[in-house]
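J.: Next comes work.cif, mmCIF, C-alpha atoms and all ligand atoms:
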data_entry
#
loop_
_atom_site.group_PDB
_atom_site.id
_atom_site.type_symbol
_atom_site.label_atom_id
_atom_site.label_comp_id
_atom_site.auth_asym_id
_atom_site.auth_seq_id
_atom_site.Cartn_x
_atom_site.Cartn_y
_atom_site.Cartn_z
ATOM 1 C CA MET E 1 3.467 -13.426 20.963
ATOM 2 C CA ASN E 2 0.065 -11.821 20.583
ATOM 3 C CA SER E 3 -2.633 -13.680 18.688
ATOM 4 C CA THR E 4 -4.378 -11.724 15.966
ATOM 5 C CA PRO E 5 -7.811 -10.401 17.041
ATOM 6 C CA LEU E 6 -10.607 -11.968 14.973
ATOM 7 C CA PRO E 7 -11.810 -8.655 13.430
ATOM 8 C CA VAL E 8 -8.224 -8.043 12.235
ATOM 9 C CA SER E 9 -8.005 -11.552 10.689
ATOM 10 C CA GLN E 10 -11.300 -10.939 8.898
ATOM 11 C CA PHE E 11 -10.095 -7.541 7.705
ATOM 12 C CA ALA E 12 -6.819 -9.120 6.502
ATOM 13 C CA SER E 13 -8.819 -11.669 4.468
ATOM 14 C CA GLN E 14 -10.634 -8.783 2.805
ATOM 15 C CA LEU E 15 -7.309 -7.083 2.038
ATOM 16 C CA ASP E 16 -6.002 -10.331 0.594
ATOM 17 C CA GLU E 17 -9.039 -10.500 -1.708
ATOM 18 C CA LEU E 18 -8.627 -6.858 -2.755
ATOM 19 C CA VAL E 19 -4.954 -7.333 -3.558
ATOM 20 C CA ARG E 20 -5.666 -10.527 -5.530
ATOM 21 C CA ALA E 21 -8.405 -8.684 -7.439
ATOM 22 C CA GLY E 22 -5.777 -6.248 -8.779
ATOM 23 C CA GLY E 23 -5.293 -3.823 -5.878
ATOM 24 C CA GLU E 24 -5.463 -0.164 -6.821
ATOM 25 C CA GLN E 25 -5.995 -1.114 -10.477
ATOM 26 C CA ALA E 26 -9.384 -2.675 -9.723
ATOM 27 C CA PRO E 27 -12.232 -0.196 -10.368
ATOM 28 C CA ASP E 28 -13.926 -0.773 -7.009
ATOM 29 C CA PHE E 29 -10.730 -0.919 -4.934
ATOM 30 C CA TRP E 30 -11.180 2.318 -2.932
ATOM 31 C CA PRO E 31 -14.848 1.876 -1.977
ATOM 32 C CA ARG E 32 -14.231 -1.743 -0.982
ATOM 33 C CA LEU E 33 -11.110 -0.808 0.988
ATOM 34 C CA GLY E 34 -13.044 1.969 2.732
ATOM 35 C CA ALA E 35 -15.984 -0.329 3.526
ATOM 36 C CA ALA E 36 -13.666 -2.967 5.004
ATOM 37 C CA MET E 37 -11.959 -0.377 7.241
ATOM 38 C CA ARG E 38 -15.314 1.135 8.309
ATOM 39 C CA GLU E 39 -16.422 -2.318 9.379
ATOM 40 C CA LEU E 40 -13.200 -2.836 11.365
ATOM 41 C CA VAL E 41 -13.497 0.427 13.330
ATOM 42 C CA ALA E 42 -17.295 0.292 13.732
ATOM 43 C CA LYS E 43 -16.706 -1.476 17.072
ATOM 44 C CA ASP E 44 -14.081 -0.604 19.649
ATOM 45 C CA ASP E 45 -13.968 -3.812 21.665
ATOM 46 C CA TRP E 46 -11.178 -5.860 20.090
ATOM 47 C CA LEU E 47 -7.861 -3.986 20.356
ATOM 48 C CA PRO E 48 -5.582 -5.708 22.919
ATOM 49 C CA ASP E 49 -4.303 -3.375 25.653
ATOM 50 C CA SER E 50 -0.737 -4.284 24.616
ATOM 51 C CA MET E 51 -1.439 -2.595 21.247
ATOM 52 C CA ALA E 52 -3.200 0.421 22.753
ATOM 53 C CA LYS E 53 -0.563 1.771 25.085
ATOM 54 C CA PRO E 54 0.762 5.299 24.498
ATOM 55 C CA HIS E 55 4.379 6.308 25.051
ATOM 56 C CA PRO E 56 4.981 9.542 26.989
ATOM 57 C CA GLN E 57 7.201 10.929 24.226
ATOM 58 C CA TYR E 58 6.536 9.158 20.924
ATOM 59 C CA TYR E 59 3.425 8.099 19.022
ATOM 60 C CA GLN E 60 3.386 4.304 18.786
ATOM 61 C CA GLN E 61 2.873 2.040 15.759
ATOM 62 C CA TYR E 62 2.012 -1.522 16.785
ATOM 63 C CA CYS E 63 1.914 -4.147 14.063
ATOM 64 C CA LEU E 64 -1.473 -5.919 14.196
ATOM 65 C CA TYR E 65 -0.953 -7.905 11.012
ATOM 66 C CA ALA E 66 1.813 -8.229 8.420
ATOM 67 C CA ASP E 67 1.143 -10.258 5.293
ATOM 68 C CA GLU E 68 3.746 -12.993 4.774
ATOM 69 C CA GLN E 69 4.462 -11.702 1.289
ATOM 70 C CA ASP E 70 4.607 -8.040 2.402
ATOM 71 C CA ARG E 71 1.566 -7.214 0.241
ATOM 72 C CA PHE E 72 -0.173 -5.371 3.103
ATOM 73 C CA SER E 73 0.019 -4.604 6.812
ATOM 74 C CA VAL E 74 -2.298 -3.386 9.566
ATOM 75 C CA VAL E 75 -1.103 -1.088 12.328
ATOM 76 C CA SER E 76 -2.540 0.372 15.511
ATOM 77 C CA PHE E 77 -1.420 3.986 15.729
ATOM 78 C CA VAL E 78 -1.496 5.228 19.325
ATOM 79 C CA TRP E 79 -1.269 8.947 20.033
ATOM 80 C CA GLY E 80 -0.303 10.316 23.421
ATOM 81 C CA PRO E 81 -1.705 13.755 24.259
ATOM 82 C CA ALA E 82 -0.656 16.400 21.682
ATOM 83 C CA GLN E 83 1.653 14.022 19.745
ATOM 84 C CA ALA E 84 2.079 14.603 15.997
ATOM 85 C CA THR E 85 4.027 13.138 13.084
ATOM 86 C CA PRO E 86 6.470 15.093 10.966
ATOM 87 C CA ILE E 87 5.336 15.734 7.383
ATOM 88 C CA HIS E 88 5.825 12.364 5.660
ATOM 89 C CA ASP E 89 4.846 10.115 2.760
ATOM 90 C CA HIS E 90 3.954 6.401 2.522
ATOM 91 C CA THR E 91 4.801 5.398 -1.091
ATOM 92 C CA VAL E 92 1.968 2.807 -1.085
ATOM 93 C CA TRP E 93 -1.833 2.980 -0.693
ATOM 94 C CA GLY E 94 -3.142 3.442 2.820
ATOM 95 C CA VAL E 95 -6.458 3.615 4.644
ATOM 96 C CA ILE E 96 -6.930 5.104 8.107
ATOM 97 C CA GLY E 97 -9.867 4.287 10.365
ATOM 98 C CA MET E 98 -10.473 6.188 13.586
ATOM 99 C CA LEU E 99 -11.066 3.925 16.573
ATOM 100 C CA ARG E 100 -10.804 6.100 19.697
ATOM 101 C CA GLY E 101 -10.462 9.854 20.283
ATOM 102 C CA ALA E 102 -9.841 11.942 17.151
ATOM 103 C CA GLU E 103 -7.002 12.944 14.863
ATOM 104 C CA LEU E 104 -6.204 15.888 12.634
ATOM 105 C CA CYS E 105 -4.699 15.541 9.182
ATOM 106 C CA GLN E 106 -3.184 18.209 6.949
ATOM 107 C CA SER E 107 -2.140 17.382 3.378
ATOM 108 C CA TYR E 108 0.930 18.940 1.750
ATOM 109 C CA GLU E 109 2.318 19.532 -1.712
ATOM 110 C CA ILE E 110 6.017 18.977 -2.247
ATOM 111 C CA ALA E 111 8.223 20.832 -4.735
ATOM 112 C CA PRO E 112 12.031 20.510 -4.994
ATOM 113 C CA ASN E 113 13.983 22.913 -2.741
ATOM 114 C CA LYS E 114 10.847 24.512 -1.319
ATOM 115 C CA PRO E 115 9.144 24.149 2.059
ATOM 116 C CA PRO E 116 6.132 21.802 1.972
ATOM 117 C CA LYS E 117 2.946 23.729 1.135
ATOM 118 C CA ALA E 118 -0.278 22.965 3.033
ATOM 119 C CA VAL E 119 -3.154 22.165 0.668
ATOM 120 C CA GLY E 120 -6.805 22.085 1.614
ATOM 121 C CA ALA E 121 -8.281 22.326 5.084
ATOM 122 C CA VAL E 122 -7.293 20.340 8.154
ATOM 123 C CA GLU E 123 -9.451 17.216 8.262
ATOM 124 C CA ARG E 124 -10.683 15.834 11.551
ATOM 125 C CA LEU E 125 -11.384 12.103 11.848
ATOM 126 C CA GLU E 126 -13.891 11.006 14.486
ATOM 127 C CA PRO E 127 -14.414 7.378 15.606
ATOM 128 C CA GLY E 128 -15.808 5.288 12.754
ATOM 129 C CA GLN E 129 -14.571 7.680 10.037
ATOM 130 C CA ILE E 130 -11.897 6.809 7.482
ATOM 131 C CA GLY E 131 -9.367 8.536 5.245
ATOM 132 C CA PHE E 132 -7.059 7.473 2.395
ATOM 133 C CA VAL E 133 -3.481 8.176 1.313
ATOM 134 C CA ALA E 134 -1.578 7.002 -1.769
ATOM 135 C CA PRO E 135 0.872 8.409 -4.302
ATOM 136 C CA SER E 136 -2.032 8.428 -6.809
ATOM 137 C CA ILE E 137 -4.369 10.559 -4.637
ATOM 138 C CA GLY E 138 -2.094 12.570 -2.314
ATOM 139 C CA ASP E 139 0.542 10.859 -0.217
ATOM 140 C CA VAL E 140 2.112 13.595 1.921
ATOM 141 C CA HIS E 141 0.600 14.702 5.196
ATOM 142 C CA ARG E 142 1.056 15.489 8.863
ATOM 143 C CA VAL E 143 -1.209 13.793 11.372
ATOM 144 C CA SER E 144 -1.726 14.726 15.013
ATOM 145 C CA ASN E 145 -3.799 13.810 18.027
ATOM 146 C CA ALA E 146 -6.760 16.215 18.108
ATOM 147 C CA PHE E 147 -6.548 16.183 21.916
ATOM 148 C CA ASP E 148 -3.852 17.517 24.217
ATOM 149 C CA ASP E 149 -5.221 15.747 27.288
ATOM 150 C CA ARG E 150 -6.058 12.219 26.169
ATOM 151 C CA VAL E 151 -5.007 9.267 24.029
ATOM 152 C CA SER E 152 -6.349 8.748 20.495
ATOM 153 C CA ILE E 153 -6.033 5.559 18.434
ATOM 154 C CA SER E 154 -6.458 4.970 14.709
ATOM 155 C CA ILE E 155 -6.047 1.776 12.716
ATOM 156 C CA HIS E 156 -4.047 1.977 9.488
ATOM 157 C CA ALA E 157 -3.676 -0.492 6.642
ATOM 158 C CA TYR E 158 -1.103 -0.108 3.862
ATOM 159 C CA GLY E 159 -0.322 -1.771 0.552
ATOM 160 C CA GLY E 160 3.011 -3.155 1.774
ATOM 161 C CA ASN E 161 4.806 -3.919 5.019
ATOM 162 C CA ILE E 162 4.850 -0.303 6.224
ATOM 163 C CA GLY E 163 7.392 -0.991 8.969
ATOM 164 C CA LYS E 164 9.974 -1.983 6.346
ATOM 165 C CA ILE E 165 9.274 0.512 3.536
ATOM 166 C CA ASN E 166 11.797 3.226 2.670
ATOM 167 C CA ARG E 167 9.932 6.525 2.768
ATOM 168 C CA HIS E 168 10.485 10.214 3.481
ATOM 169 C CA VAL E 169 10.126 13.018 5.988
ATOM 170 C CA PHE E 170 9.819 16.542 4.574
ATOM 171 C CA PRO E 171 11.229 19.155 6.994
ATOM 172 C CA ASP E 172 8.935 22.176 7.488
ATOM 173 C CA ASP E 173 11.681 24.617 6.508
ATOM 174 C CA GLY E 174 12.409 23.033 3.117
ATOM 175 C CA ALA E 175 15.648 21.391 4.314
ATOM 176 C CA PRO E 176 16.603 18.236 2.376
ATOM 177 C CA VAL E 177 14.183 15.330 2.467
ATOM 178 C CA LYS E 178 15.125 12.702 5.062
ATOM 179 C CA PRO E 179 14.760 9.034 4.209
ATOM 180 C CA PHE E 180 13.279 6.898 7.004
ATOM 181 C CA VAL E 181 11.928 3.436 7.790
ATOM 182 C CA SER E 182 9.333 3.551 10.559
ATOM 183 C CA GLY E 183 9.671 0.035 12.003
ATOM 184 C CA TYR E 184 7.134 -1.053 14.640
ATOM 185 C CA SER E 185 6.770 -0.476 18.351
ATOM 186 C CA GLU E 186 7.202 -3.421 20.733
ATOM 187 C CA PRO E 187 3.780 -4.453 22.096
ATOM 188 C CA ALA E 188 3.441 -3.253 25.678
ATOM 189 C CA ALA E 189 3.832 -5.861 28.423
ATOM 190 C CA GLY E 190 0.897 -6.841 30.606
HETATM 191 FE FE FE2 D 1 0.780 8.944 7.349
#
With the file now loaded, output its structure as structure tokens.
T.:
Amino acid sequence: MNSTPLPVSQFASQLDELVRAGGEQAPDFWPRLGAAMRELVAKDDWLPDSMAKPHPQYYQQYCLYADEQDRFSVVSFVWGPAQATPIHDHTVWGVIGMLRGAELCQSYEIAPNKPPKAVGAVERLEPGQIGFVAPSIGDVHRVSNAFDDRVSISIHAYGGNIGKINRHVFPDDGAPVKPFVSGYSEPAAG
């Protein structure tokens, strides 16, 4: 069992406060959420190696913190070289903070029986930078490692236990939406 790194515990306390203050309904929710995530990824000296290990084939999602009441969760997202997600949604608010390397994010619009349509430019997140997702502000995207020769790591927090939430993958060709539950990766040994 891994113990929670102190910066993650402090971040989780801030999330707890934000949720108790009304979550997304509170007027200063997004700036406070963003500030908390910026603080968390301002330093890259706390992520245990067991939560930083890439898989040769699949991007990894290690659970750093899951609220007992499933109100929020914090995940370390580890990209092997050139790995990418399918186009997917989250169904809850999310904040992404770049810790190591860089990632690329493309947003999509979804219409029934049509292929997902890319909207806006590809955004590149560099260490220390953050991004948001949520049904209220745009919830569908594809994310990829910006590098094809090295590992990248971002830290994500969501307004629910993201490993348990029923959400969706949107096939590129407009084929029917696929329900999925992401689960979490097993922390690497050693
Ligand atoms: Fe995502």
J.: Expanded to explicit residues, what is the PyMOL selection byres (((chain E and resi 163-169) around 8) and not hetatm) for this file, as a PyMOL selection string?
T.: chain E and resi 86-91+160-162+170-171+177-184
J.: My list of candidates is E:Ser9, E:Ser3, E:Gln25, E:Ser144. Which is closest to ligand FE2 1 (chain D) when distances are computed with all atoms listed in the file?
T.: E:Ser144
J.: Of the candidates E:Leu6, E:Ala157, E:Ala121, E:Ala175, which one gets nearest to ligand FE2 1 (chain D) if we count all atoms listed in the file?
T.: E:Ala157
J.: Could you give me the residues within 9 Å of ligand FE2 1 (chain D), counting all atoms listed in the file, as a list in words?
T.: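 After applying the 9 Å limit, what remains is Thr85, Ile87, His88, Asp89, His90, Gly94, Ile96, Cys105, Val133, Asp139, Val140, His141, Arg142, Val143 and His156 of chain E.
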J.: Once the PyMOL selection byres (((chain E and resi 114) around 12) and not hetatm) has been evaluated on this model, what residues remain selected, and can you format them as a tab-separated table (two decimals) with C-alpha atoms, keeping the file's coordinate frame?
T.:
chain	number	residue	atom	x	y	z
E	108	TYR	CA	0.93	18.94	1.75
E	109	GLU	CA	2.32	19.53	-1.71
E	110	ILE	CA	6.02	18.98	-2.25
E	111	ALA	CA	8.22	20.83	-4.74
E	112	PRO	CA	12.03	20.51	-4.99
E	113	ASN	CA	13.98	22.91	-2.74
E	115	PRO	CA	9.14	24.15	2.06
E	116	PRO	CA	6.13	21.80	1.97
E	117	LYS	CA	2.95	23.73	1.14
E	170	PHE	CA	9.82	16.54	4.57
E	171	PRO	CA	11.23	19.16	6.99
E	172	ASP	CA	8.94	22.18	7.49
E	173	ASP	CA	11.68	24.62	6.51
E	174	GLY	CA	12.41	23.03	3.12
E	175	ALA	CA	15.65	21.39	4.31
E	176	PRO	CA	16.60	18.24	2.38
E	177	VAL	CA	14.18	15.33	2.47
J.: State, in Å with one decimal place, the distance from atom CA of Ala102 of chain E to atom CA of Asp70 of chain E.
T.: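 These two atoms are separated by 28.7 Å.
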J.: Would you save segment 28-129 of chain E to a file, keeping C-alpha atoms, as a PDB file, in the first residue's frame?
T.:
ATOM      1  CA  ASP E  28     -14.698  31.103  -7.852  1.00  0.00           C
ATOM      2  CA  PHE E  29     -14.564  27.326  -8.358  1.00  0.00           C
ATOM      3  CA  TRP E  30     -12.525  27.238 -11.602  1.00  0.00           C
ATOM      4  CA  PRO E  31      -9.834  29.766 -10.636  1.00  0.00           C
ATOM      5  CA  ARG E  32      -9.400  28.117  -7.236  1.00  0.00           C
ATOM      6  CA  LEU E  33      -9.287  24.642  -8.787  1.00  0.00           C
ATOM      7  CA  GLY E  34      -6.720  25.858 -11.322  1.00  0.00           C
ATOM      8  CA  ALA E  35      -4.594  27.536  -8.635  1.00  0.00           C
ATOM      9  CA  ALA E  36      -4.591  24.377  -6.506  1.00  0.00           C
ATOM     10  CA  MET E  37      -3.477  22.240  -9.477  1.00  0.00           C
ATOM     11  CA  ARG E  38      -0.795  24.781 -10.493  1.00  0.00           C
ATOM     12  CA  GLU E  39       0.594  24.578  -6.982  1.00  0.00           C
ATOM     13  CA  LEU E  40       0.628  20.760  -7.121  1.00  0.00           C
ATOM     14  CA  VAL E  41       2.557  20.567 -10.412  1.00  0.00           C
ATOM     15  CA  ALA E  42       4.849  23.539  -9.693  1.00  0.00           C
ATOM     16  CA  LYS E  43       7.361  21.035  -8.261  1.00  0.00           C
ATOM     17  CA  ASP E  44       8.247  17.658  -9.710  1.00  0.00           C
ATOM     18  CA  ASP E  45       9.828  15.983  -6.698  1.00  0.00           C
ATOM     19  CA  TRP E  46       6.987  14.084  -5.030  1.00  0.00           C
ATOM     20  CA  LEU E  47       5.563  11.475  -7.428  1.00  0.00           C
ATOM     21  CA  PRO E  48       6.543   7.951  -6.266  1.00  0.00           C
ATOM     22  CA  ASP E  49       8.296   5.878  -8.946  1.00  0.00           C
ATOM     23  CA  SER E  50       5.550   3.247  -8.560  1.00  0.00           C
ATOM     24  CA  MET E  51       3.068   5.847  -9.893  1.00  0.00           C
ATOM     25  CA  ALA E  52       5.349   7.079 -12.675  1.00  0.00           C
ATOM     26  CA  LYS E  53       6.032   3.898 -14.581  1.00  0.00           C
ATOM     27  CA  PRO E  54       4.947   3.687 -18.232  1.00  0.00           C
ATOM     28  CA  HIS E  55       3.593   0.530 -19.845  1.00  0.00           C
ATOM     29  CA  PRO E  56       5.036  -0.412 -23.251  1.00  0.00           C
ATOM     30  CA  GLN E  57       1.566  -0.634 -24.798  1.00  0.00           C
ATOM     31  CA  TYR E  58      -0.974   1.307 -22.734  1.00  0.00           C
ATOM     32  CA  TYR E  59      -1.037   4.718 -21.066  1.00  0.00           C
ATOM     33  CA  GLN E  60      -1.326   4.220 -17.307  1.00  0.00           C
ATOM     34  CA  GLN E  61      -3.722   5.809 -14.800  1.00  0.00           C
ATOM     35  CA  TYR E  62      -2.501   5.400 -11.219  1.00  0.00           C
ATOM     36  CA  CYS E  63      -4.858   6.421  -8.443  1.00  0.00           C
ATOM     37  CA  LEU E  64      -3.054   8.905  -6.160  1.00  0.00           C
ATOM     38  CA  TYR E  65      -6.108   9.750  -4.083  1.00  0.00           C
ATOM     39  CA  ALA E  66      -9.760   8.687  -4.044  1.00  0.00           C
ATOM     40  CA  ASP E  67     -12.155  10.499  -1.736  1.00  0.00           C
ATOM     41  CA  GLU E  68     -14.014   8.101   0.570  1.00  0.00           C
ATOM     42  CA  GLN E  69     -17.334   9.498  -0.592  1.00  0.00           C
ATOM     43  CA  ASP E  70     -16.351   9.435  -4.293  1.00  0.00           C
ATOM     44  CA  ARG E  71     -16.619  13.243  -4.477  1.00  0.00           C
ATOM     45  CA  PHE E  72     -13.220  13.564  -6.195  1.00  0.00           C
ATOM     46  CA  SER E  73     -10.116  11.641  -7.221  1.00  0.00           C
ATOM     47  CA  VAL E  74      -6.529  12.397  -8.223  1.00  0.00           C
ATOM     48  CA  VAL E  75      -4.711  10.374 -10.857  1.00  0.00           C
ATOM     49  CA  SER E  76      -1.201  10.211 -12.268  1.00  0.00           C
ATOM     50  CA  PHE E  77      -1.489   9.776 -16.021  1.00  0.00           C
ATOM     51  CA  VAL E  78       1.670   8.218 -17.464  1.00  0.00           C
ATOM     52  CA  TRP E  79       2.265   8.303 -21.208  1.00  0.00           C
ATOM     53  CA  GLY E  80       4.712   5.994 -22.930  1.00  0.00           C
ATOM     54  CA  PRO E  81       6.248   7.339 -26.145  1.00  0.00           C
ATOM     55  CA  ALA E  82       3.573   8.223 -28.753  1.00  0.00           C
ATOM     56  CA  GLN E  83       0.660   6.858 -26.659  1.00  0.00           C
ATOM     57  CA  ALA E  84      -2.757   8.512 -27.059  1.00  0.00           C
ATOM     58  CA  THR E  85      -6.297   8.105 -25.743  1.00  0.00           C
ATOM     59  CA  PRO E  86      -9.313   7.462 -27.927  1.00  0.00           C
ATOM     60  CA  ILE E  87     -11.784  10.357 -28.144  1.00  0.00           C
ATOM     61  CA  HIS E  88     -13.608  10.246 -24.793  1.00  0.00           C
ATOM     62  CA  ASP E  89     -15.656  12.166 -22.234  1.00  0.00           C
ATOM     63  CA  HIS E  90     -15.506  12.401 -18.417  1.00  0.00           C
ATOM     64  CA  THR E  91     -19.068  13.360 -17.333  1.00  0.00           C
ATOM     65  CA  VAL E  92     -17.680  15.299 -14.325  1.00  0.00           C
ATOM     66  CA  TRP E  93     -15.387  18.332 -13.907  1.00  0.00           C
ATOM     67  CA  GLY E  94     -11.689  17.722 -14.376  1.00  0.00           C
ATOM     68  CA  VAL E  95      -8.417  19.615 -14.129  1.00  0.00           C
ATOM     69  CA  ILE E  96      -5.163  18.500 -15.742  1.00  0.00           C
ATOM     70  CA  GLY E  97      -1.741  19.683 -14.608  1.00  0.00           C
ATOM     71  CA  MET E  98       1.386  18.876 -16.590  1.00  0.00           C
ATOM     72  CA  LEU E  99       4.188  17.463 -14.459  1.00  0.00           C
ATOM     73  CA  ARG E 100       6.794  16.021 -16.843  1.00  0.00           C
ATOM     74  CA  GLY E 101       7.226  16.077 -20.634  1.00  0.00           C
ATOM     75  CA  ALA E 102       4.281  17.511 -22.588  1.00  0.00           C
ATOM     76  CA  GLU E 103       0.889  16.458 -23.886  1.00  0.00           C
ATOM     77  CA  LEU E 104      -1.350  17.428 -26.771  1.00  0.00           C
ATOM     78  CA  CYS E 105      -5.093  17.862 -26.449  1.00  0.00           C
ATOM     79  CA  GLN E 106      -7.712  18.183 -29.178  1.00  0.00           C
ATOM     80  CA  SER E 107     -11.333  18.984 -28.302  1.00  0.00           C
ATOM     81  CA  TYR E 108     -14.262  17.494 -30.227  1.00  0.00           C
ATOM     82  CA  GLU E 109     -17.928  18.193 -30.812  1.00  0.00           C
ATOM     83  CA  ILE E 110     -20.302  15.254 -30.827  1.00  0.00           C
ATOM     84  CA  ALA E 111     -23.516  14.983 -32.850  1.00  0.00           C
ATOM     85  CA  PRO E 112     -25.703  11.850 -33.132  1.00  0.00           C
ATOM     86  CA  ASN E 113     -24.705   9.468 -35.958  1.00  0.00           C
ATOM     87  CA  LYS E 114     -21.830  11.659 -37.118  1.00  0.00           C
ATOM     88  CA  PRO E 115     -18.070  11.309 -36.703  1.00  0.00           C
ATOM     89  CA  PRO E 116     -16.663  13.488 -33.900  1.00  0.00           C
ATOM     90  CA  LYS E 117     -15.690  16.930 -35.229  1.00  0.00           C
ATOM     91  CA  ALA E 118     -12.429  18.548 -34.079  1.00  0.00           C
ATOM     92  CA  VAL E 119     -13.002  22.042 -32.674  1.00  0.00           C
ATOM     93  CA  GLY E 120     -10.317  24.621 -32.067  1.00  0.00           C
ATOM     94  CA  ALA E 121      -6.577  24.135 -32.290  1.00  0.00           C
ATOM     95  CA  VAL E 122      -4.507  21.396 -30.691  1.00  0.00           C
ATOM     96  CA  GLU E 123      -3.394  22.623 -27.273  1.00  0.00           C
ATOM     97  CA  ARG E 124       0.021  21.746 -25.925  1.00  0.00           C
ATOM     98  CA  LEU E 125       0.530  21.545 -22.157  1.00  0.00           C
ATOM     99  CA  GLU E 126       4.049  22.124 -20.841  1.00  0.00           C
ATOM    100  CA  PRO E 127       5.176  21.370 -17.256  1.00  0.00           C
ATOM    101  CA  GLY E 128       3.387  23.642 -14.789  1.00  0.00           C
ATOM    102  CA  GLN E 129       0.490  24.397 -17.170  1.00  0.00           C
TER     103      GLN E 129
END
